[in-house]
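Asks: The structure is given below, and queries will be raised subsequently.
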Amino acid sequence: MPGIVAYGAYVPYFRLSRAEIARAWAGGPAPGERAVAAYDEDSLTMAVEAARDCLRGREASAVDGLYFASTTPPYKEKQSAATIAAVLGLPDSALTVDFSGSLRAGTNALAAALDAVAAGRAHTVLVVASDMRLGYPSGPAEVNLGDGAAALLVGSDQVLAELVRFDSRYYEIQDVWRSDRDTFVRSAEDRFATEAGYLKVMVESVSATLRSAGLRAEDIARVALNSPTPRQLRSLCQKLHFDEKSQVADVLHAAVGDTGCAMSLMSLVAQLEEAGADEMVLLASYGNGCDVVLFKTTDLIRTCRAARGVRGHINSKALMRNYEQYLRWRELLELQPPARPPLEMRAPSPAAQWREVSWELRLTGTKCRVCGTPQYPPQRVCVTCQSKDQMDPYRFTDVTARVFSFSHDYVMQTIDPPVTVTFVDFEGGGRLMCDMTDRDPAAVKVGMPVEMTFRRLYYVNGIYNYWWKCRPVRAMPGAEEG
Amino acid sequence: MNSIKDKVAIVGMGCVKFGENWDKSLEDMIIDAAYEAFEDAGVDPKDIQAAWWGSVFAGESGSIMSTPLKLAYIPVTHVENQCATGSEAIRGAAYAVAAGIYDLVLAVGAEKLKDTGYSGLPQTRPVATWSYRLTTQTPAAGFAMMATGYFAKYGLDFDEGKRLLARIAVKNHHNGSLNPKAHFQREITLEQAINAPMIAYPLGLYDACGVSDGAAAAVLCRADLAKSFRTDPIYIKAVSICQGAREGWLSQVYDLAHVEETYRGGIAAYQEAGIKNPRKEISVAEVHDCFSITELTIMEDLQFSPRGRVREDIEARTFTLEGELPVNTDGGLKCFGHPIGATGLRMLYEVYKQLQGKAGPRQVKNPRLGLTHNQGGEPGSATVSVLIAGNELG
């Protein structure tokens, strides 16, 4: 049977305290924090980070499918899955698909991946779900939503959680939506949406799956769900007779928020992080219908853990300085333009981008076969020994690095000044000038360890210009912040 | 390899007041600078046999310069080499004379930057093949990283480093206050410089040069004809251009605490001019203080100060007007201003006046050799010109 071979997740480094949102709007306080994608992140970059968390130490060349799920992809027309596959370095023959349109997109993608593996269409499929939905400013969704991503590697060899069954149903209702003209999530009257939609369909679907599988609620060790608010999660647990503390153990609402179509998969990742062998894990996600998946963990669950996963990312964080910074990052206000040349002057050339996919999207430089010097961008004539065309490709994405020098640039156009620009020296050679992100300017020091992260540099002429930045090393679980 | 030493003379120079010249067009400034040079040399514009035109932002071809001056049907070469463009124009003109092709030539550099309304430099042009994506820092940050690098290498903490850089800004503001053609003519205090708003950590507002409008021009001729134009011609002893291969951005070899192109460009010029001890032999230097940290490292790269020890010389006031080796006597880029294509010629204008003893309140004592250092690009990836001129043959 197919199942999950590896898992990973991503939660942005920055959190906005819900008390601060309440301060901005003089609203009632809500507990906890929500995760906010930095101004240089989007669903695609978060998906890349979750995928890297999942694949760490594995060969991307062995992955022959990439399914990307998001209700907030960067492009209406241009496949995100192809970009992510290119960034990760999947083989050209990999099957790439974008899933979208509902909060079930994540489990839709998972279902398709399990089917593809079961049918022998693909050997290993990486499923990545990522969302960053916008709630209306001052509304409840702004408080409850959060940004994040999950990644699941689906295969049939060496699975750590084996598929038991997969059920699905559709359900037509106008409860939560965004039209093609909407920026913010709309929802129907709350009690209608909850009672006629979420609770009704989830209860019916999960109960039906349990019945079909001959299981009772107490037979399920772990439950992974999407839920718009903690209150609705509690109501659902009560109706399904799941114990909220021991079986559901939600970590997302308090620290991250409702991450849309990524939420149920992030919840699953959080459960797998703590699961033992031979446990029944139920995954259910709601969105114009319901997908219910039953997994049973194997012995491999104990040894195959994510690099950071949900908890590792949750624990590595900084608070945003205020709500206004959130408005700035999401570009919800028109700000004073800088007295600098317009960004249009620096619009990327599609032809050049196409030519340079390998070295730009994958951060692949060259290493001289004669003198061994790694260099970026790729050089044909070696900077050290001037040998011509004696280069091998050399990827810098996962090489340990340190800050050689830096500046905080207060005059460069950026969404949130200053731009922290660095020279980064890689272990084993190679130097790169790049921006640093997810940093506290006061804490940036010469010699500090950094790691590479895939980001959006800027948006111009309808093009998202993606490249790499460095960031202070985010703590691994059990380690202090880098 | 031949040397240019004593083959070419400068017999006339002109330079407009740099600054926010709202009431002057690019063409006005070209005409004012060139005619000051013609009159200084006592030449008729019709006698000019060829011209070199330096500008990065003014547009394409030599016609930008030949049209206002009506230099009809002579060769005009448009040169661009980033902020070293003005020196590149001089170099082209000087080499043509040294080659024996022409007897009397003109070099002009000019830039009209303030019409853009930008606080920094304009984008040169849309780059059709733009793809290299690390494009989100300004030149200020590029040079600021050299300050961070220098502080780290030589163990200066932030306050020590800021104070050292501030001394350079204070000196150049003082010199600018003595210069009616400078963009900025006000003195500043150390505290003002240290406490100015940050533009690119650790550099503040007073660590950065002005973005200015301006133009400057030179008339050059064969050295053996120089005395027929004037009694006090200035002779070119060396003109170097040193172009890096971006080694500093590609390789960990570079320490980001100096500019290798300046060091090597200096050595090339000293060899050409036959200079053994630059600190003793150079009387006055105009160097490319686009940022205070640049002047600081230039002092070491041009061997005016021992490596890592420029602090002692700055604190000993070595580079002030009264010091052992006055640097940026006209206020430098910091205060005279920096209209990109004009800057190399503006530097030479000051050296020319100093060597003729015509620098007024800024005059250094008994100068014999003057040096200009004009830099394009950023630390790790630069274009540097070093020119040495003297008031005597031999």
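Note on naming: chains are A, B, ... as they come in the structure tokens, residues start from 1 per chain, ligands start from 1 in the order shown.
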Which polymer residues have any atom within 7 Å of an atom of segment 61-70 of chain A, counting only C-alpha atoms, with same-chain residues fewer than 6 positions away left out, as a VMD selection string?
Replies: chain A and resid 81 85 89 to 91 93 to 100 105 to 106 109 122 to 131 261
Asks: Can you tell me which residues surround segment 313-318 of chain B at a distance of at most 10 Å, considering only C-alpha atoms, apart from same-chain residues fewer than 3 positions away, and format the answer as a list in words?
Replies: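 These residues fall inside the cut-off: Leu164, Leu165, Arg167, Ile168, Lys171, Leu296, Met299, Phe304, Ser305, Pro306, Arg309, Val310, Leu321, Glu322, Gly323, Glu324, Leu325, Pro326 and Val327 of chain B.
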Asks: Take the residues that were just selected and, keeping N, CA, C and O atoms, output them as a PDB file, in the first residue's frame.
Replies:
ATOM      1  N   LEU B 164      36.393  57.732  13.155  1.00  0.00           N
ATOM      2  CA  LEU B 164      37.482  57.802  12.173  1.00  0.00           C
ATOM      3  C   LEU B 164      36.952  58.286  10.819  1.00  0.00           C
ATOM      4  O   LEU B 164      37.523  59.173  10.183  1.00  0.00           O
ATOM      5  N   LEU B 165      35.824  57.720  10.407  1.00  0.00           N
ATOM      6  CA  LEU B 165      35.228  58.125   9.138  1.00  0.00           C
ATOM      7  C   LEU B 165      34.769  59.586   9.204  1.00  0.00           C
ATOM      8  O   LEU B 165      34.893  60.341   8.227  1.00  0.00           O
ATOM      9  N   ARG B 167      36.072  62.009  10.732  1.00  0.00           N
ATOM     10  CA  ARG B 167      37.204  62.927  10.573  1.00  0.00           C
ATOM     11  C   ARG B 167      37.460  63.231   9.091  1.00  0.00           C
ATOM     12  O   ARG B 167      37.845  64.342   8.731  1.00  0.00           O
ATOM     13  N   ILE B 168      37.246  62.225   8.255  1.00  0.00           N
ATOM     14  CA  ILE B 168      37.440  62.421   6.807  1.00  0.00           C
ATOM     15  C   ILE B 168      36.377  63.386   6.275  1.00  0.00           C
ATOM     16  O   ILE B 168      36.680  64.317   5.516  1.00  0.00           O
ATOM     17  N   LYS B 171      37.112  66.958   7.416  1.00  0.00           N
ATOM     18  CA  LYS B 171      38.218  67.533   6.639  1.00  0.00           C
ATOM     19  C   LYS B 171      37.732  67.981   5.257  1.00  0.00           C
ATOM     20  O   LYS B 171      38.010  69.107   4.822  1.00  0.00           O
ATOM     21  N   LEU B 296      39.375  56.402   3.130  1.00  0.00           N
ATOM     22  CA  LEU B 296      40.196  55.753   4.155  1.00  0.00           C
ATOM     23  C   LEU B 296      41.037  54.629   3.554  1.00  0.00           C
ATOM     24  O   LEU B 296      42.255  54.570   3.741  1.00  0.00           O
ATOM     25  N   MET B 299      43.924  55.601   1.059  1.00  0.00           N
ATOM     26  CA  MET B 299      45.178  56.054   1.673  1.00  0.00           C
ATOM     27  C   MET B 299      46.148  54.880   1.856  1.00  0.00           C
ATOM     28  O   MET B 299      47.350  55.036   1.710  1.00  0.00           O
ATOM     29  N   PHE B 304      50.008  55.637   0.837  1.00  0.00           N
ATOM     30  CA  PHE B 304      50.250  56.852   1.616  1.00  0.00           C
ATOM     31  C   PHE B 304      50.384  56.489   3.096  1.00  0.00           C
ATOM     32  O   PHE B 304      51.090  57.160   3.847  1.00  0.00           O
ATOM     33  N   SER B 305      49.648  55.451   3.517  1.00  0.00           N
ATOM     34  CA  SER B 305      49.706  54.968   4.898  1.00  0.00           C
ATOM     35  C   SER B 305      50.005  53.479   4.874  1.00  0.00           C
ATOM     36  O   SER B 305      49.613  52.784   3.934  1.00  0.00           O
ATOM     37  N   PRO B 306      50.670  52.980   5.925  1.00  0.00           N
ATOM     38  CA  PRO B 306      50.907  51.529   5.975  1.00  0.00           C
ATOM     39  C   PRO B 306      49.584  50.782   6.097  1.00  0.00           C
ATOM     40  O   PRO B 306      48.615  51.308   6.655  1.00  0.00           O
ATOM     41  N   ARG B 309      46.956  50.901   9.059  1.00  0.00           N
ATOM     42  CA  ARG B 309      47.377  51.920  10.025  1.00  0.00           C
ATOM     43  C   ARG B 309      47.029  53.345   9.594  1.00  0.00           C
ATOM     44  O   ARG B 309      47.608  54.311  10.093  1.00  0.00           O
ATOM     45  N   VAL B 310      46.062  53.480   8.706  1.00  0.00           N
ATOM     46  CA  VAL B 310      45.682  54.817   8.258  1.00  0.00           C
ATOM     47  C   VAL B 310      45.126  55.644   9.414  1.00  0.00           C
ATOM     48  O   VAL B 310      45.208  56.873   9.427  1.00  0.00           O
ATOM     49  N   LEU B 321      44.771  70.160   4.777  1.00  0.00           N
ATOM     50  CA  LEU B 321      45.458  71.171   3.958  1.00  0.00           C
ATOM     51  C   LEU B 321      46.833  71.496   4.510  1.00  0.00           C
ATOM     52  O   LEU B 321      47.770  71.770   3.761  1.00  0.00           O
ATOM     53  N   GLU B 322      46.960  71.487   5.835  1.00  0.00           N
ATOM     54  CA  GLU B 322      48.240  71.847   6.464  1.00  0.00           C
ATOM     55  C   GLU B 322      49.112  70.615   6.664  1.00  0.00           C
ATOM     56  O   GLU B 322      50.241  70.738   7.141  1.00  0.00           O
ATOM     57  N   GLY B 323      48.599  69.449   6.359  1.00  0.00           N
ATOM     58  CA  GLY B 323      49.299  68.210   6.691  1.00  0.00           C
ATOM     59  C   GLY B 323      50.415  67.879   5.716  1.00  0.00           C
ATOM     60  O   GLY B 323      50.682  68.608   4.749  1.00  0.00           O
ATOM     61  N   GLU B 324      51.012  66.736   5.969  1.00  0.00           N
ATOM     62  CA  GLU B 324      52.164  66.291   5.183  1.00  0.00           C
ATOM     63  C   GLU B 324      51.760  65.983   3.731  1.00  0.00           C
ATOM     64  O   GLU B 324      52.514  66.255   2.805  1.00  0.00           O
ATOM     65  N   LEU B 325      50.595  65.412   3.544  1.00  0.00           N
ATOM     66  CA  LEU B 325      50.136  65.068   2.195  1.00  0.00           C
ATOM     67  C   LEU B 325      48.654  65.426   2.069  1.00  0.00           C
ATOM     68  O   LEU B 325      47.775  64.610   2.344  1.00  0.00           O
ATOM     69  N   PRO B 326      48.364  66.662   1.667  1.00  0.00           N
ATOM     70  CA  PRO B 326      46.961  67.088   1.603  1.00  0.00           C
ATOM     71  C   PRO B 326      46.160  66.270   0.578  1.00  0.00           C
ATOM     72  O   PRO B 326      46.643  66.037  -0.537  1.00  0.00           O
ATOM     73  N   VAL B 327      44.982  65.846   0.987  1.00  0.00           N
ATOM     74  CA  VAL B 327      44.140  65.006   0.138  1.00  0.00           C
ATOM     75  C   VAL B 327      42.758  65.649  -0.004  1.00  0.00           C
ATOM     76  O   VAL B 327      42.167  66.093   0.978  1.00  0.00           O
TER      77      VAL B 327
END
Asks: Tell me, as a PyMOL selection string, which residues lie within 9 Å of segment 41-50 of chain B, counting only C-alpha atoms; anything in the same chain fewer than 6 positions away does not count.
Replies: chain B and resi 10-13+34-35+69-72+74-77+93+96+102-107+219+229-230
Asks: Do you know which residues are at most 9 Å from segment 412-414 of chain A counting only C-alpha atoms, after dropping those on the same chain fewer than 5 positions away, and could you put them as number ranges by chain?
Replies: A: 337-340, 343, 419, 458; B: 136-138, 141
Asks: Pick out the closest residue to chain B from this set: A:Gln353, A:Thr366, A:Thr107, A:Thr437. Count only C-alpha atoms.
Replies: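 Checking each of A:Gln353, A:Thr366, A:Thr107, A:Thr437 against chain B, counting only C-alpha atoms, the winner is A:Gln353.
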Asks: Measuring atom to atom with only C-alpha atoms, identify which of B:Ser119, B:Ser385, B:Thr343, B:Ser212 is nearest to chain A.
Replies: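 Closest candidate: B:Ser119.
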Asks: Compute the chain A side of the contact with chain B at 9 Å, counting only C-alpha atoms, and hand it back as a PyMOL selection string.
Replies: chain A and resi 338-342+344-353+356+360+373-377+383-384+404-414+418-423+425-426+429-435+446+457-458+465-469
Asks: Can you list, as number ranges by chain, every protein, DNA or RNA residue that comes within 8 Å of Arg439 of chain A when you count only C-alpha atoms, leaving out same-chain residues fewer than 3 positions away?
Replies: A: 436, 443-444, 471-472
Asks: Where does DSSP see strand (DSSP E) in segment 12-200 of chain A, if you list the residues as a count of residues only?
Replies: 47
Asks: Compile the contact shell of Glu427 of chain A as number ranges by chain: residues with an atom at most 7 Å away, counting only C-alpha atoms, same-chain residues fewer than 4 positions apart removed.
Replies: A: 399-401
Asks: Please produce an output containing C-alpha atoms for each residue in the selection, written as a tab-separated table (two decimals), in the first residue's frame.
Replies:
chain	number	residue	atom	x	y	z
A	399	VAL	CA	26.17	24.53	2.13
A	400	THR	CA	27.03	25.94	5.55
A	401	ALA	CA	27.89	29.62	5.34
Asks: Just give me the gap between atom CA of Leu134 of chain A and atom CA of Glu189 of chain A in Å, one decimal is fine.
Replies: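 Between these atoms lies a distance of 18.1 Å.
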Asks: Quick one: residues within 9 Å of segment 291-299 of chain A, only C-alpha atoms, excluding same-chain residues fewer than 4 positions away - as a PyMOL selection string?
Replies: chain A and resi 3-4+104+107-108+111+159-170+202+205-206+209-210+213+272+275-287+303
Asks: Segment 213-374 of chain B: which residues are helix (DSSP H, G or I) by DSSP, as a ChimeraX atom specification?
Replies: /B:223-228,247-250,260-273,278-281,292-301,310-315,332-336,340-355,360-362
Asks: Determine the nearest neighbour of Asn172 of chain B from the options B:Leu156, B:Ile267, B:Ala208, B:Ile298, counting only C-alpha atoms.
Replies: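 Using only C-alpha atoms, the shortest distance to Asn172 of chain B belongs to B:Ala208.
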